[in-house]
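Trainee: Pasting structure-v9.cif below, which is mmCIF, C-alpha atoms and all ligand atoms.
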data_entry
loop_
_atom_site.label_atom_id
_atom_site.label_comp_id
_atom_site.auth_asym_id
_atom_site.auth_seq_id
_atom_site.Cartn_x
_atom_site.Cartn_y
_atom_site.Cartn_z
CA ARG K 1 -24.96 -46.49 48.22
CA LEU K 2 -26.47 -44.98 51.34
CA THR K 3 -29.83 -44.47 49.57
CA GLN K 4 -29.73 -48.09 48.41
CA LEU K 5 -28.81 -49.36 51.90
CA GLU K 6 -31.58 -47.32 53.47
CA SER K 7 -34.16 -48.50 51.01
CA ASP K 8 -33.15 -52.12 51.74
CA HIS K 9 -33.18 -51.48 55.50
CA PRO K 10 -35.59 -48.61 56.23
CA GLU K 11 -35.36 -49.37 59.96
CA LEU K 12 -31.78 -48.06 59.83
CA ILE K 13 -32.67 -44.59 58.50
CA SER K 14 -31.61 -42.08 61.14
CA PRO K 15 -32.90 -38.49 61.31
CA ASP K 16 -29.37 -37.14 60.74
CA SER K 17 -28.75 -39.19 57.60
CA PRO K 18 -27.77 -36.96 54.66
CA THR K 19 -30.58 -38.56 52.66
CA GLN K 20 -33.04 -36.93 55.03
CA ARG K 21 -32.14 -33.40 53.90
CA VAL K 22 -34.62 -33.71 51.05
CA GLY K 23 -36.97 -36.55 51.54
CA ALA K 24 -40.04 -35.32 53.28
CA ALA K 25 -43.34 -35.26 51.43
CA PRO K 26 -45.02 -31.88 50.87
CA ALA K 27 -46.77 -30.64 54.00
CA GLU K 28 -50.45 -29.69 54.25
CA GLY K 29 -49.58 -26.77 56.46
CA PHE K 30 -47.19 -25.99 59.28
CA PRO K 31 -47.84 -26.97 62.90
CA GLU K 32 -47.69 -24.33 65.62
CA VAL K 33 -44.58 -24.62 67.80
CA ALA K 34 -44.45 -22.91 71.20
CA HIS K 35 -40.93 -21.67 71.97
CA ALA K 36 -39.83 -23.00 75.39
CA ILE K 37 -38.18 -19.62 76.02
CA PRO K 38 -39.71 -16.69 74.10
CA MET K 39 -37.67 -15.32 71.20
CA LEU K 40 -37.48 -11.68 72.18
CA SER K 41 -36.87 -8.68 70.01
CA LEU K 42 -34.23 -6.00 70.53
CA ASP K 43 -34.68 -2.32 71.28
CA ASN K 44 -33.44 -0.05 68.52
CA ALA K 45 -30.81 2.71 68.53
CA PHE K 46 -30.69 5.14 65.61
CA SER K 47 -27.77 7.37 66.53
CA ARG K 48 -24.47 7.68 68.35
CA ASP K 49 -26.37 9.39 71.17
CA ASP K 50 -28.73 6.42 71.49
CA ILE K 51 -25.74 4.07 71.86
CA ALA K 52 -24.12 6.38 74.44
CA ALA K 53 -27.40 6.49 76.41
CA PHE K 54 -27.70 2.66 76.23
CA ALA K 55 -24.14 2.27 77.60
CA GLU K 56 -24.84 4.79 80.39
CA ARG K 57 -27.98 2.88 81.44
CA VAL K 58 -25.99 -0.37 81.46
CA ALA K 59 -23.10 1.19 83.43
CA GLU K 60 -25.47 2.63 86.03
CA ARG K 61 -27.07 -0.78 86.70
CA LEU K 62 -23.70 -2.54 86.74
CA GLU K 63 -22.25 0.22 88.94
CA CYS K 64 -19.21 0.62 86.73
CA GLN K 65 -17.77 3.01 84.15
CA ALA K 66 -19.34 2.87 80.68
CA SER K 67 -15.82 2.88 79.22
CA GLU K 68 -15.00 -0.42 81.01
CA ILE K 69 -17.85 -2.50 79.60
CA ALA K 70 -16.96 -5.16 77.04
CA PHE K 71 -19.49 -5.18 74.19
CA SER K 72 -19.80 -7.88 71.59
CA CYS K 73 -20.70 -6.28 68.25
CA GLU K 74 -22.03 -8.23 65.27
CA PRO K 75 -23.71 -7.31 61.99
CA LYS K 76 -27.48 -7.68 62.20
CA LEU K 77 -28.22 -9.92 59.24
CA ASP K 78 -31.53 -9.19 57.57
CA GLY K 79 -33.21 -12.55 57.12
CA ALA K 80 -35.73 -14.79 58.86
CA ALA K 81 -35.13 -15.68 62.52
CA VAL K 82 -35.45 -19.36 63.36
CA SER K 83 -34.89 -21.71 66.28
CA LEU K 84 -33.37 -25.21 66.03
CA VAL K 85 -33.73 -27.82 68.75
CA TYR K 86 -31.17 -30.63 69.19
CA GLU K 87 -31.72 -33.62 71.46
CA GLN K 88 -28.62 -35.70 72.24
CA GLY K 89 -26.96 -33.77 69.42
CA VAL K 90 -29.54 -34.62 66.75
CA LEU K 91 -31.80 -32.03 65.10
CA VAL K 92 -35.36 -32.78 66.16
CA SER K 93 -37.22 -29.59 65.40
CA GLY K 94 -36.91 -26.24 63.67
CA ALA K 95 -39.35 -23.34 63.78
CA THR K 96 -39.82 -19.76 62.65
CA ARG K 97 -39.73 -16.99 65.25
CA GLY K 98 -43.40 -16.17 64.62
CA ASP K 99 -44.64 -13.71 67.23
CA GLY K 100 -41.77 -14.68 69.56
CA ARG K 101 -43.88 -17.07 71.64
CA THR K 102 -45.23 -19.34 68.92
CA GLY K 103 -43.74 -20.04 65.52
CA GLU K 104 -44.36 -22.45 62.66
CA GLY K 105 -42.73 -25.87 62.60
CA ILE K 106 -40.65 -25.95 59.41
CA THR K 107 -38.24 -28.78 60.31
CA SER K 108 -38.35 -30.53 56.90
CA ASN K 109 -37.53 -27.27 55.14
CA LEU K 110 -34.70 -26.35 57.51
CA ARG K 111 -33.18 -29.81 57.06
CA THR K 112 -32.54 -28.97 53.40
CA LEU K 113 -30.01 -26.26 54.35
CA ARG K 114 -26.41 -27.53 54.32
CA SER K 115 -25.59 -24.96 57.01
CA VAL K 116 -28.11 -26.55 59.42
CA PRO K 117 -26.20 -29.42 61.07
CA LEU K 118 -28.36 -32.54 61.29
CA LYS K 119 -26.01 -33.73 64.00
CA LEU K 120 -23.78 -31.63 66.26
CA MET K 121 -20.04 -32.07 66.03
CA GLY K 122 -17.85 -33.02 68.99
CA GLN K 123 -17.72 -35.75 71.63
CA GLN K 124 -19.64 -33.99 74.37
CA VAL K 125 -22.91 -32.49 73.25
CA PRO K 126 -25.63 -31.24 75.61
CA GLU K 127 -28.75 -33.35 76.15
CA LEU K 128 -30.80 -30.49 74.80
CA LEU K 129 -29.70 -27.42 72.92
CA GLU K 130 -31.82 -24.73 71.30
CA VAL K 131 -29.84 -22.63 68.81
CA ARG K 132 -31.16 -19.38 67.39
CA GLY K 133 -30.10 -17.57 64.30
CA GLU K 134 -31.02 -16.00 61.03
CA VAL K 135 -31.68 -17.71 57.70
CA ILE K 136 -30.34 -15.41 55.02
CA MET K 137 -30.17 -15.33 51.25
CA ARG K 138 -27.07 -13.71 49.77
CA HIS K 139 -27.49 -11.05 47.08
CA ALA K 140 -26.27 -13.38 44.32
CA GLY K 141 -28.80 -16.09 45.26
CA PHE K 142 -31.57 -13.52 45.53
CA GLU K 143 -30.83 -11.96 42.14
CA ALA K 144 -30.62 -15.40 40.50
CA LEU K 145 -33.94 -16.47 42.05
CA ASN K 146 -35.71 -13.30 40.88
CA GLU K 147 -34.13 -13.50 37.44
CA ARG K 148 -35.52 -17.01 37.06
CA ALA K 149 -38.91 -15.89 38.41
CA ARG K 150 -39.02 -13.02 35.88
CA GLU K 151 -38.25 -15.42 33.05
CA GLU K 152 -40.92 -17.86 34.24
CA GLY K 153 -43.46 -15.18 35.11
CA SER K 154 -43.64 -16.44 38.70
CA LYS K 155 -43.42 -14.60 42.03
CA VAL K 156 -40.64 -12.03 42.32
CA PHE K 157 -39.49 -11.24 45.89
CA ALA K 158 -39.03 -7.64 47.00
CA ASN K 159 -35.87 -8.29 49.03
CA PRO K 160 -33.67 -11.14 50.32
CA ARG K 161 -35.49 -11.17 53.67
CA ASN K 162 -38.85 -11.89 52.00
CA ALA K 163 -37.17 -14.39 49.69
CA ALA K 164 -35.65 -16.23 52.69
CA ALA K 165 -38.92 -16.21 54.64
CA GLY K 166 -40.94 -17.23 51.57
CA SER K 167 -38.52 -20.04 50.75
CA LEU K 168 -38.77 -21.40 54.30
CA ARG K 169 -42.57 -21.43 54.10
CA GLN K 170 -42.76 -23.63 51.01
CA LEU K 171 -44.99 -26.63 51.61
CA ASP K 172 -42.69 -28.73 49.44
CA PRO K 173 -39.18 -29.00 50.95
CA ARG K 174 -37.81 -29.83 47.49
CA ILE K 175 -38.51 -26.21 46.53
CA THR K 176 -36.76 -24.92 49.66
CA ALA K 177 -33.80 -27.14 48.73
CA THR K 178 -33.36 -25.25 45.44
CA ARG K 179 -33.05 -21.89 47.22
CA GLN K 180 -29.65 -20.58 48.27
CA LEU K 181 -30.33 -20.22 51.98
CA VAL K 182 -27.77 -20.06 54.78
CA PHE K 183 -28.36 -20.42 58.52
CA MET K 184 -26.16 -18.14 60.64
CA ALA K 185 -26.30 -18.92 64.37
CA TYR K 186 -26.30 -16.00 66.82
CA SER K 187 -27.27 -17.37 70.23
CA VAL K 188 -28.35 -20.27 72.43
CA GLY K 189 -31.94 -20.04 73.61
CA HIS K 190 -31.83 -22.97 75.99
CA ILE K 191 -29.43 -25.67 77.16
CA GLU K 192 -29.88 -28.77 79.36
CA GLY K 193 -27.26 -31.34 80.34
CA GLY K 194 -24.40 -29.08 79.43
CA THR K 195 -23.00 -25.66 80.20
CA LEU K 196 -22.34 -22.60 78.13
CA PRO K 197 -19.14 -20.55 78.31
CA ASN K 198 -19.18 -17.28 80.26
CA SER K 199 -19.75 -14.82 77.46
CA HIS K 200 -21.57 -14.22 74.19
CA SER K 201 -18.38 -14.20 72.12
CA GLU K 202 -17.24 -17.53 73.58
CA THR K 203 -20.72 -18.94 72.93
CA LEU K 204 -20.34 -18.01 69.26
CA SER K 205 -17.02 -19.91 69.19
CA TYR K 206 -18.73 -22.87 70.91
CA LEU K 207 -21.52 -22.81 68.28
CA SER K 208 -18.91 -22.79 65.58
CA GLN K 209 -17.21 -25.85 67.15
CA LEU K 210 -20.59 -27.62 67.12
CA GLY K 211 -20.76 -27.09 63.36
CA PHE K 212 -22.71 -23.85 62.95
CA LYS K 213 -21.80 -20.91 60.78
CA THR K 214 -21.45 -17.64 62.70
CA SER K 215 -20.61 -14.17 61.46
CA ASN K 216 -16.87 -13.72 60.96
CA LEU K 217 -17.31 -9.98 61.43
CA THR K 218 -18.09 -10.18 65.16
CA GLU K 219 -15.79 -8.22 67.47
CA VAL K 220 -15.53 -7.62 71.20
CA VAL K 221 -14.73 -4.00 72.04
CA GLU K 222 -14.39 -1.94 75.20
CA GLY K 223 -16.72 1.01 75.77
CA TRP K 224 -19.48 2.49 73.64
CA GLN K 225 -17.18 4.69 71.52
CA ALA K 226 -15.43 1.58 70.24
CA ALA K 227 -18.83 -0.03 69.59
CA GLU K 228 -19.83 3.04 67.60
CA ALA K 229 -16.53 2.86 65.66
CA PHE K 230 -17.40 -0.76 64.78
CA VAL K 231 -20.83 0.44 63.58
CA ALA K 232 -19.16 3.03 61.32
CA GLN K 233 -16.75 0.40 59.96
CA ILE K 234 -19.56 -2.06 59.08
CA LEU K 235 -21.64 0.74 57.55
CA GLU K 236 -18.64 1.66 55.40
CA GLN K 237 -18.28 -1.97 54.23
CA ARG K 238 -22.02 -2.54 53.83
CA ASP K 239 -22.05 -2.30 50.03
CA GLN K 240 -19.26 -4.87 49.71
CA ILE K 241 -20.88 -7.41 52.04
CA GLU K 242 -22.79 -10.06 50.11
CA VAL K 243 -25.81 -10.09 52.43
CA ASP K 244 -28.31 -7.47 53.58
CA ILE K 245 -27.32 -5.99 56.94
CA ASP K 246 -29.81 -3.72 58.64
CA GLY K 247 -27.62 -2.71 61.55
CA VAL K 248 -25.27 -3.88 64.27
CA VAL K 249 -26.27 -5.81 67.39
CA VAL K 250 -24.37 -4.47 70.41
CA LYS K 251 -24.46 -6.81 73.42
CA VAL K 252 -22.91 -6.75 76.87
CA ASN K 253 -20.50 -9.65 76.34
CA ASP K 254 -20.31 -11.06 79.86
CA PHE K 255 -23.18 -13.43 80.81
CA GLU K 256 -22.98 -12.57 84.51
CA GLN K 257 -23.43 -8.90 83.68
CA GLN K 258 -26.27 -9.85 81.32
CA SER K 259 -28.09 -11.63 84.13
CA VAL K 260 -27.67 -8.63 86.47
CA LEU K 261 -29.21 -6.43 83.77
CA GLY K 262 -32.13 -8.76 82.95
CA PHE K 263 -35.06 -7.81 80.76
CA VAL K 264 -37.58 -5.05 80.41
CA ALA K 265 -40.94 -5.72 78.76
CA ARG K 266 -40.05 -7.86 75.70
CA ALA K 267 -36.40 -6.93 75.21
CA PRO K 268 -33.13 -7.59 77.03
CA ARG K 269 -31.53 -4.60 78.83
CA TRP K 270 -28.10 -5.91 77.79
CA ALA K 271 -28.46 -5.60 74.03
CA ILE K 272 -29.51 -3.08 71.44
CA ALA K 273 -29.83 -3.04 67.65
CA ARG K 274 -28.07 -0.02 66.16
CA LYS K 275 -30.06 0.45 62.96
CA PHE K 276 -28.61 1.49 59.61
CA PRO K 277 -30.34 3.76 57.06
CA ALA K 278 -33.11 1.82 55.31
CA GLN K 279 -32.38 0.09 51.99
CA GLU K 280 -35.93 0.64 50.80
CA GLU K 281 -37.72 3.99 50.51
CA VAL K 282 -40.85 5.40 48.90
CA THR K 283 -40.51 7.91 46.07
CA THR K 284 -42.31 9.05 42.90
CA LEU K 285 -41.88 7.61 39.42
CA LEU K 286 -41.29 10.69 37.25
CA GLY K 287 -40.91 8.93 33.91
CA VAL K 288 -39.23 6.07 32.07
CA ASP K 289 -36.28 6.31 29.68
CA PHE K 290 -35.39 3.52 27.27
CA ARG K 291 -31.69 2.71 26.94
CA VAL K 292 -30.09 0.70 24.16
CA GLY K 293 -27.50 -1.74 25.52
CA ARG K 294 -24.34 -3.05 23.82
CA THR K 295 -26.18 -6.04 22.36
CA GLY K 296 -29.15 -3.94 21.26
CA THR K 297 -31.37 -4.90 24.21
CA ILE K 298 -33.68 -2.10 25.27
CA THR K 299 -33.77 -1.56 29.04
CA PRO K 300 -36.42 0.64 30.62
CA VAL K 301 -34.89 2.90 33.29
CA ALA K 302 -37.13 4.63 35.81
CA ARG K 303 -36.57 8.33 36.47
CA LEU K 304 -37.28 8.92 40.15
CA GLN K 305 -37.80 11.83 42.49
CA PRO K 306 -34.33 11.71 44.13
CA VAL K 307 -34.46 9.79 47.40
CA PHE K 308 -31.86 8.91 50.04
CA VAL K 309 -31.74 5.11 50.24
CA GLY K 310 -29.08 2.70 51.51
CA GLY K 311 -26.74 5.63 52.18
CA VAL K 312 -26.84 7.34 48.74
CA THR K 313 -29.22 9.53 46.75
CA VAL K 314 -30.95 7.51 44.04
CA SER K 315 -32.66 9.10 41.03
CA LYS K 316 -32.73 6.14 38.60
CA ALA K 317 -33.71 2.49 38.88
CA THR K 318 -33.84 -0.40 36.46
CA LEU K 319 -37.21 -1.71 35.35
CA HIS K 320 -35.56 -4.73 33.63
CA ASN K 321 -37.91 -5.24 30.66
CA ALA K 322 -41.44 -4.83 29.31
CA ASP K 323 -42.73 -7.80 31.34
CA GLU K 324 -41.50 -6.20 34.56
CA ILE K 325 -43.32 -2.95 33.74
CA ALA K 326 -46.48 -5.00 33.15
CA ARG K 327 -45.95 -7.03 36.32
CA LEU K 328 -45.47 -3.94 38.44
CA ASP K 329 -48.28 -2.11 36.58
CA ALA K 330 -46.14 1.01 36.98
CA ARG K 331 -47.66 4.33 35.86
CA VAL K 332 -45.93 7.68 35.59
CA GLY K 333 -46.68 9.61 38.80
CA ASP K 334 -46.99 6.47 40.96
CA GLN K 335 -45.53 6.19 44.45
CA VAL K 336 -43.05 3.33 44.31
CA ILE K 337 -40.75 1.46 46.72
CA VAL K 338 -37.16 1.67 45.55
CA ARG K 339 -34.51 -0.68 46.91
CA ARG K 340 -30.76 -0.24 46.80
CA ALA K 341 -28.42 -2.84 48.32
CA GLY K 342 -24.83 -3.78 47.71
CA ASP K 343 -23.52 -3.23 44.22
CA VAL K 344 -26.85 -4.17 42.72
CA ILE K 345 -28.48 -1.48 40.53
CA PRO K 346 -31.39 0.22 42.36
CA GLN K 347 -34.70 -1.49 41.63
CA ILE K 348 -38.39 -0.69 41.94
CA VAL K 349 -39.75 -3.52 44.01
CA LYS K 350 -43.36 -2.43 44.37
CA VAL K 351 -45.86 0.12 43.13
CA LEU K 352 -48.11 1.54 45.84
CA ASP K 353 -51.19 1.47 43.65
CA ASP K 354 -53.50 2.02 46.63
CA ARG K 355 -52.02 5.54 46.84
CA ARG K 356 -53.02 6.31 43.24
CA ALA K 357 -55.44 9.22 43.58
CA SER K 358 -56.40 9.48 39.90
CA GLU K 359 -55.88 7.68 36.60
CA LEU K 360 -52.22 7.91 35.65
CA PRO K 361 -50.65 7.40 32.22
CA ASN K 362 -49.36 3.89 31.42
CA VAL K 363 -45.72 3.41 30.60
CA VAL K 364 -45.60 2.65 26.88
CA PHE K 365 -42.72 0.61 25.53
CA PRO K 366 -41.55 2.15 22.23
CA ASP K 367 -42.02 0.33 18.89
CA VAL K 368 -38.86 1.80 17.43
CA CYS K 369 -35.33 2.18 18.71
CA PRO K 370 -34.94 5.43 20.67
CA ASP K 371 -31.45 5.86 19.13
CA CYS K 372 -31.83 4.88 15.46
CA SER K 373 -35.62 4.56 14.91
CA VAL K 374 -35.34 1.02 13.52
CA MET K 375 -38.37 -1.21 14.41
CA LEU K 376 -37.73 -3.17 17.65
CA THR K 377 -38.13 -6.96 17.73
CA ARG K 378 -38.94 -9.53 20.40
CA ASP K 379 -38.11 -13.20 20.13
CA LEU K 380 -41.05 -15.44 20.91
CA ASP K 381 -39.99 -16.82 24.29
CA GLU K 382 -37.66 -14.04 25.37
CA ALA K 383 -38.33 -11.17 27.73
CA ALA K 384 -35.87 -8.86 25.97
CA ILE K 385 -36.94 -6.44 23.26
CA ARG K 386 -34.05 -5.45 21.01
CA CYS K 387 -32.83 -3.25 18.23
CA GLU K 388 -31.40 -5.51 15.51
CA ASN K 389 -29.37 -2.56 14.36
CA SER K 390 -27.32 -2.64 17.57
CA LEU K 391 -24.01 -1.99 15.86
CA ALA K 392 -25.33 1.41 14.90
CA CYS K 393 -26.52 1.96 18.46
CA PRO K 394 -23.51 1.65 20.75
CA ALA K 395 -24.28 1.90 24.46
O1 LIG R 401 -27.17 -11.56 68.36
C1 LIG R 401 -28.28 -11.30 67.68
C2 LIG R 401 -28.25 -11.10 66.34
C3 LIG R 401 -29.41 -10.84 65.64
C4 LIG R 401 -29.50 -11.25 68.39
C5 LIG R 401 -30.68 -10.98 67.68
C6 LIG R 401 -30.61 -10.77 66.29
O2 LIG R 401 -31.78 -10.53 65.68
C7 LIG R 401 -31.79 -10.51 64.27
N1 LIG R 401 -31.87 -10.94 68.33
C8 LIG R 401 -31.89 -11.15 69.63
C9 LIG R 401 -33.21 -11.08 70.34
C10 LIG R 401 -30.72 -11.42 70.35
N2 LIG R 401 -29.55 -11.46 69.74
C11 LIG R 401 -30.75 -11.65 71.81
#
Any chance you could put this one into structure tokens?

Mentor:
Amino acid sequence: RLTQLESDHPELISPDSPTQRVGAAPAEGFPEVAHAIPMLSLDNAFSRDDIAAFAERVAERLECQASEIAFSCEPKLDGAAVSLVYEQGVLVSGATRGDGRTGEGITSNLRTLRSVPLKLMGQQVPELLEVRGEVIMRHAGFEALNERAREEGSKVFANPRNAAAGSLRQLDPRITATRQLVFMAYSVGHIEGGTLPNSHSETLSYLSQLGFKTSNLTEVVEGWQAAEAFVAQILEQRDQIEVDIDGVVVKVNDFEQQSVLGFVARAPRWAIARKFPAQEEVTTLLGVDFRVGRTGTITPVARLQPVFVGGVTVSKATLHNADEIARLDARVGDQVIVRRAGDVIPQIVKVLDDRRASELPNVVFPDVCPDCSVMLTRDLDEAAIRCENSLACPA
């Protein structure tokens, strides 16, 4: 009914109408958008000692005990950072972080995300509000997207971050609309005609009241040891969390203390990103084994030089099927990037063919079943190659 009403009375279409989520025509390119306040990056901490040193620096400047400082700790979601601008409560512009000073205007694409409010909730909204956050793709959405891409022979993304960023940079918003993207707000960049609460944690609650999703894993703790305990707890849960997390953001919670601390170079003195072990590493492809599954499908499994990735040692990765081997152009002896995240089986996401010093042997898919030697078959429009004698070849 709304679509009908709007087509009868186009002058009544408002920018926050639900019909406007997917309506824009494909773009020619994206305009440059200068961020009113630069989107800074965070300094990194890689160890308990780095966090202790950060807290000591903070305590010295605040002239207090490190154990007394309240830190807000939140998982650092691994996606694409964006900024959303609301005027009188209505979304007017959305942009990528870009280099922090200038990003790309991707408003039509961001409008397609259900988690991006087109209009802020509540009676009293600021005249102008710039909200920052991360657009993420959950593991399930990422796997489904890549599965479809493999079937269609189109672009496969290496990780959810690239998938999120790539989906936001589609010239046709209708494509973005099909991707399972979620905007998670993490801060306010700028506000006019309104006031923020006194702390980061209260600001997250305020953002949630305005209609934004925020991480439900955020906690305020006292002292750096408690912050480090939170880091350990999130790291422990990392495999069960449905989105890629590359660390924990530890922030001085109180805004007055934040303003005393200020900034150095391009990063705030009041926050740090405690990084987790990488979920992607380089290793060597030692060989490929072919496994017969329960239904007779043959799955190529890469044998890898053992490598520590995402917190465990990985020595095997799935290569999915013959098409994937061809797409990757994987050769035995290649340097490859292996990714392990969540409960998903480790995968080879890229072959570093520029590191190939000499000709290496191709991976050859067998003609016959490795278990029972029966000829393998492939249905015309299917990626799977199977052994029709699967009953004789139990997994
Ligand atoms: O609270 C935050 C969460 C994640 C952040 C942040 C972030 O980057 C992915 N980045 C900055 C620069 C700030 N807070 C201030």

Trainee: Quick one: everything within 8 Å of range 313-323 of chain K, counting only C-alpha atoms, minus sequence neighbours fewer than 4 positions away in the same chain. Send it as a list in words.

Mentor: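 Returned residues: Arg150, Ile298, Thr299, Pro300, Val301, Ala302, Arg303, Leu304, Gln305, Pro306, Val307, Phe308, Val309, Arg327, Val338, Ile345, Pro346, Gln347, Ile348, Phe365, Ala383, Ala384 and Ile385 of chain K.
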
Trainee: Give me, please, the distance in Å between CA of Thr176 in chain K and CA of Val336 in chain K, quoted to one decimal.

Mentor: 29.4 Å

Trainee: So which one's closest to Leu40 in chain K, K:Ile191, K:Ala227, K:Ala185, K:Ala265? Using only C-alpha atoms, please.

Mentor: K:Ala265

Trainee: Could you state the separation of CA of Thr19 in chain K and CA of Ala80 in chain K in Å, given to one decimal place?

Mentor: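 Computing it gives 25.1 Å between the two atoms.
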
Trainee: As a quick test: using all atoms listed in the file, which residues lie no more than 10 Å away from ligand LIG 401 (chain R)? Give them as JSON, numbers by chain.

Mentor: {"K": [38, 39, 40, 41, 42, 43, 72, 73, 74, 75, 76, 77, 78, 79, 80, 81, 82, 100, 132, 133, 134, 135, 184, 185, 186, 187, 188, 189, 200, 201, 204, 215, 218, 245, 246, 247, 248, 249, 250, 251, 266, 267, 268, 269, 270, 271, 272, 273]}

Trainee: One decimal, Å: what's the distance from CA of Leu168 in chain K over to CA of Arg111 in chain K, could you say?

Mentor: 10.5 Å

Trainee: Take range 242-254 of chain K, bring it up to N, CA and C atoms, and give me the output as a PDB file, in the frame of the given file.

Mentor:
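Done, and the output landed in out_0.pdb:
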ATOM      1  N   GLU K 242     -21.904  -9.383  51.065  1.00  0.00           N
ATOM      2  CA  GLU K 242     -22.790 -10.060  50.110  1.00  0.00           C
ATOM      3  C   GLU K 242     -24.193 -10.349  50.653  1.00  0.00           C
ATOM      4  N   VAL K 243     -24.476  -9.851  51.855  1.00  0.00           N
ATOM      5  CA  VAL K 243     -25.810 -10.090  52.430  1.00  0.00           C
ATOM      6  C   VAL K 243     -26.363  -8.777  52.987  1.00  0.00           C
ATOM      7  N   ASP K 244     -27.697  -8.680  53.029  1.00  0.00           N
ATOM      8  CA  ASP K 244     -28.310  -7.470  53.580  1.00  0.00           C
ATOM      9  C   ASP K 244     -28.038  -7.396  55.086  1.00  0.00           C
ATOM     10  N   ILE K 245     -27.588  -6.223  55.519  1.00  0.00           N
ATOM     11  CA  ILE K 245     -27.320  -5.990  56.940  1.00  0.00           C
ATOM     12  C   ILE K 245     -28.142  -4.766  57.320  1.00  0.00           C
ATOM     13  N   ASP K 246     -29.004  -4.901  58.319  1.00  0.00           N
ATOM     14  CA  ASP K 246     -29.810  -3.720  58.640  1.00  0.00           C
ATOM     15  C   ASP K 246     -29.333  -3.001  59.887  1.00  0.00           C
ATOM     16  N   GLY K 247     -28.179  -3.418  60.415  1.00  0.00           N
ATOM     17  CA  GLY K 247     -27.620  -2.710  61.550  1.00  0.00           C
ATOM     18  C   GLY K 247     -26.546  -3.528  62.225  1.00  0.00           C
ATOM     19  N   VAL K 248     -26.255  -3.142  63.473  1.00  0.00           N
ATOM     20  CA  VAL K 248     -25.270  -3.880  64.270  1.00  0.00           C
ATOM     21  C   VAL K 248     -25.921  -4.205  65.612  1.00  0.00           C
ATOM     22  N   VAL K 249     -25.780  -5.455  66.062  1.00  0.00           N
ATOM     23  CA  VAL K 249     -26.270  -5.810  67.390  1.00  0.00           C
ATOM     24  C   VAL K 249     -25.124  -5.592  68.379  1.00  0.00           C
ATOM     25  N   VAL K 250     -25.381  -4.747  69.369  1.00  0.00           N
ATOM     26  CA  VAL K 250     -24.370  -4.470  70.410  1.00  0.00           C
ATOM     27  C   VAL K 250     -24.862  -5.137  71.693  1.00  0.00           C
ATOM     28  N   LYS K 251     -24.050  -6.059  72.221  1.00  0.00           N
ATOM     29  CA  LYS K 251     -24.460  -6.810  73.420  1.00  0.00           C
ATOM     30  C   LYS K 251     -23.411  -6.688  74.510  1.00  0.00           C
ATOM     31  N   VAL K 252     -23.852  -6.593  75.759  1.00  0.00           N
ATOM     32  CA  VAL K 252     -22.910  -6.750  76.870  1.00  0.00           C
ATOM     33  C   VAL K 252     -22.378  -8.178  76.751  1.00  0.00           C
ATOM     34  N   ASN K 253     -21.062  -8.327  76.680  1.00  0.00           N
ATOM     35  CA  ASN K 253     -20.500  -9.650  76.340  1.00  0.00           C
ATOM     36  C   ASN K 253     -20.580 -10.649  77.492  1.00  0.00           C
ATOM     37  N   ASP K 254     -20.419 -10.168  78.709  1.00  0.00           N
ATOM     38  CA  ASP K 254     -20.310 -11.060  79.860  1.00  0.00           C
ATOM     39  C   ASP K 254     -21.694 -11.545  80.321  1.00  0.00           C
TER      40      ASP K 254
END
